[in-house]
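K.L.:
Starting off with a structure, shown below.
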Amino acid sequence: MPFHSQSQSSFVARLPPEVREAIYLELWRCVGLRQHLVSHTRYHDGRLGEVHLARWPCTTEFYVGNRLQEEVDALPIEMFNSVGRVANNIPYRRRDLSSWMNHWACEESFFECVVENWDPEQCEKLEEYDEHECWCSIKKEMAAKRKDSSALGSYMAMLLTCKLISSECLRSIYQSTTFIVTDYLAIQGLFGSCNTHPILRARRGFYEDRIKPPPAFLQYTRHIEISLDRNYPLHHRCCWSMATRKEADKNLSCQEGEPCDDLEPKVHEPCDFHWLHLERFQNLRSLKIWISTHNSNLYGGLLTHPTGLEELDFERLRTLLSGLTNLESVVLSAPLSKRVEPDEGYVEGIAEKGSLKVWKRGQLILLGVKWDMKVG
């Protein structure tokens, strides 16, 4: 058989780039064009040994509203108790507790694969389950339990074909896939942060010290979706007010003996989303952000008060979000101040270019549960 260089292969020499791209796209479509990026941890002898990113197929299209809220609103009156809260309904309570937030359906599909005898009608909360524990070692078993097991397939077959095709596939994967991030370990690993607490660096070892964005992620990614909890500014220490820093110093130093003395004197603004460091992306076109109406139990409950967008009037909101208008398309769905109209729906006049759309969401879900989330 005569030798042919990579550039002389029939696939490359006879098929134009746009045809090869169409073929690649069909392959990625089988794997899933929407992928969650989730942080995973592996422990050795009780100590953190490895932190990395893994993916999970996303089945939830972005929606500016709250589907769970709409389902609850549509429930018959008999399902509510005397104080107007949903009573004795395990699935709704569990979904309300989900740290995947508006992607609770994706979490449930994950549970179906990793939890033995998973019963969505009976299992309210999995105390023994660590959402960041690596599932990569059981991927074959997971695939066997999924009807659409191809969704757990790998990109590696094409990436290992040859150097030329690999480079084309790598670019194609990142350009055609929408990446969804819902946990703060992954967010701060992929996007970076201005400051991380020494406690977290010493105890957990993750964030930018452990998780690095793949170079192709910053170079080729076009579409990103992010879900945040209501008090997301408290995940970013550069945004802590002086009062919050003193509170954290007092509480955390009592527990760990580590003060927050490494912060810059100037407090950063959390609502301009500077901490996403979008300037690092070379081809980002679309950004969609969904902010929950729930607070997370951050730092073990030491800091739980909400801050951020709900405190801003219209003019301040428009000014702070102006930095997002450089992208082709930005959609922000969040609870906003009562001073911002309408009560629920798109806020008009928020950006001159029209590339930024802001959807104001309404009231909290009345399920009578406390939403929790691990530090990340």
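Lettering and numbering for the structure tokens are positional, with chains as A, B, ... in the shown order, residues counted from 1 in each chain, and ligands counted from 1 in the shown order.
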Excluding Leu218 (chain A) and its own-chain neighbours fewer than 4 positions away, which residues fall within 7 Å of it when counting only C-alpha atoms? Please give them as a count of residues only.
P.N.:
3
K.L.:
Can you pull out the residues contacting Leu278 (chain A)? Cut-off 10 Å, using only C-alpha atoms, and skip same-chain residues under 5 positions away; I want them as an NGL selection string.
P.N.:
:A and (191 or 218 or 273 or 284 or 287 or 323-324 or 326-327)
K.L.:
Skip Tyr63 (chain A) itself and residues of its chain fewer than 5 positions away, then list as a PDB file with C-alpha atoms, in the first residue's frame all residues within 10 Å of it, counting only C-alpha atoms.
P.N.:
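Ended up saving to result26.pdb:
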ATOM      1  CA  ASN A 102     -32.620  25.379  36.292  1.00  0.00           C
ATOM      2  CA  LYS A 288     -26.610  33.436  28.558  1.00  0.00           C
ATOM      3  CA  TRP A 290     -29.592  32.571  34.544  1.00  0.00           C
ATOM      4  CA  VAL A 331     -29.260  37.208  27.647  1.00  0.00           C
ATOM      5  CA  SER A 333     -32.452  36.264  33.357  1.00  0.00           C
TER       6      SER A 333
END
K.L.:
For a quick check of understanding, using only C-alpha atoms, which of A:Ser322, A:Gln175, A:Ser227, A:Gln188 has the smallest distance to Ala351 (chain A)?
P.N.:
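Smallest separation from Ala351 (chain A) among the options: A:Ser322.
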K.L.:
Using only C-alpha atoms, which of A:Asn231, A:Ser329, A:Gln69, A:Thr161 sits nearest Phe11 (chain A)?
P.N.:
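That would be A:Thr161, the residue with the smallest distance to Phe11 (chain A).
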K.L.:
Would you pick out the contacts of Ser292 (chain A) at 6 Å or less, using only C-alpha atoms, so that residues sharing its chain but fewer than 2 positions from it are not included, and give the list as a PyMOL selection string?
P.N.:
chain A and resi 229-230+294
K.L.:
So, with only C-alpha atoms as the atoms that count, which of A:Trp28, A:Cys169, A:Glu348, A:Gly192 lies closest to Glu279 (chain A)?
P.N.:
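Distance minimum relative to Glu279 (chain A) lands on A:Gly192.
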K.L.:
Find the residues near Pro17 (chain A): any atom within 12 Å, counting only C-alpha atoms, skip ones fewer than 4 places away on the same chain, and give them as an mmCIF file with C-alpha atoms, in the first residue's frame.
P.N.:
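Contents of selection31.cif, as written:
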data_model
loop_
_atom_site.group_PDB
_atom_site.id
_atom_site.type_symbol
_atom_site.label_atom_id
_atom_site.label_comp_id
_atom_site.auth_asym_id
_atom_site.auth_seq_id
_atom_site.Cartn_x
_atom_site.Cartn_y
_atom_site.Cartn_z
ATOM 1 C CA PHE A 11 -10.819 12.697 3.055
ATOM 2 C CA VAL A 12 -8.727 15.864 3.135
ATOM 3 C CA ALA A 13 -7.678 16.181 -0.512
ATOM 4 C CA GLU A 21 -17.099 20.446 8.833
ATOM 5 C CA ALA A 22 -20.611 19.165 8.067
ATOM 6 C CA ILE A 23 -19.425 15.599 8.679
ATOM 7 C CA TYR A 24 -17.823 16.585 11.983
ATOM 8 C CA LEU A 164 -4.465 17.433 10.661
ATOM 9 C CA ILE A 165 -7.942 16.019 11.287
ATOM 10 C CA GLU A 168 -9.942 20.496 12.588
ATOM 11 C CA CYS A 169 -12.059 18.427 14.967
ATOM 12 C CA SER A 172 -15.169 22.166 15.324
#
K.L.:
When you look at Cys106 (chain A) with a cut-off of 8 Å (counting only C-alpha atoms), what residues show up, excluding the ones that are within fewer than 6 positions of it in the same chain? I need them as JSON, numbers by chain.
P.N.:
{"A": [57, 58, 59, 60, 100]}
K.L.:
Here is a test: counting only C-alpha atoms, which residue of A:Tyr155, A:Tyr346, A:Tyr174, A:Phe62 is nearest to Ile226 (chain A)?
P.N.:
A:Phe62
